[in-house]
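Chemist: Here's a structure for you.
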Amino acid sequence: MQPPVDSLPPPLSTPYTPSELAKHTTAEAGIYVAIKGTVFDVTRKADVYGPGKSYSVFAGKDGSRGLGMSSLKPEDAVADIDGMDPKDRKVLDEWYVFFEKRYPIVGKVVPEGEARL
């Protein structure tokens with residue numbers, strides 16, 4: 001497991017719609033993973049989140065449910081956490097803390113059609 005990063009840049013609040021977020025799946029475009037609506041830049045770990053890699057299912061989307069369930073199934077990599085088991089929510093919260101300590105926050109997920117600031 002990778003250690004926390006000592007000097008992350010200040011969090012950004014750039015809005016990303018799901019379709020905009022979906023463009024961020026390669027190192028060239030920047031690899032973004034959202035958890036509970038917060039968008040993280042995981043590009044430096046393209047060897048894990050890049051195309052065809054072990055956690056690529058989460059790249060370019062909010063895959064909160066799948067992270068909480070510890071599932072790599074594409075159908076589980078969705079933002080909807082309604083009705084999630086409490087133990088899975090705890091795992092999701094742990095993932096959030098893990099990301100928060102290691103990757104820059106570059107924005108927030110907003111509904112489709114919401115204007116960018």
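All residue names refer to the structure tokens as shown: chains lettered A, B, ... in order, residues numbered from 1 in each chain, ligands numbered from 1 in order.
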With only C-alpha atoms as the counted atoms, please give the residues lying no more than 10 Å from segment 93-103 of chain A, apart from itself and same-chain residues fewer than 3 positions off, as a ChimeraX atom specification.
Modeler: /A:2-9,11,32-36,38-45,64,67-68,70,87-90,106
Chemist: Show me, as a list in words, the residues that have an atom within 7 Å of Lys108 of chain A when counting only C-alpha atoms, minus same-chain residues fewer than 5 positions from it.
Modeler: Ser13, Thr14, Pro15, Tyr16, Gly37, Thr38 and Val39 of chain A
Chemist: Output as a ChimeraX atom specification all residues of chain A that backbone DSSP marks as helix (DSSP H, G or I).
Modeler: /A:18-21,43-49,56-58,64-69,74-76,86-100
Chemist: So the first atom is atom CA of Gly66 of chain A and the second is atom CA of Asp85 of chain A; what is the distance between them in Å, to one decimal place?
Modeler: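 These atoms are spaced 12.1 Å apart.
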Chemist: Determine, counting only C-alpha atoms, which protein, DNA and RNA residues have an atom within 12 Å of an atom of Pro74 of chain A; residues of the same chain fewer than 3 positions away are not included. Present the result as a PyMOL selection string.
Modeler: chain A and resi 54-59+61-67+70-71+77-79
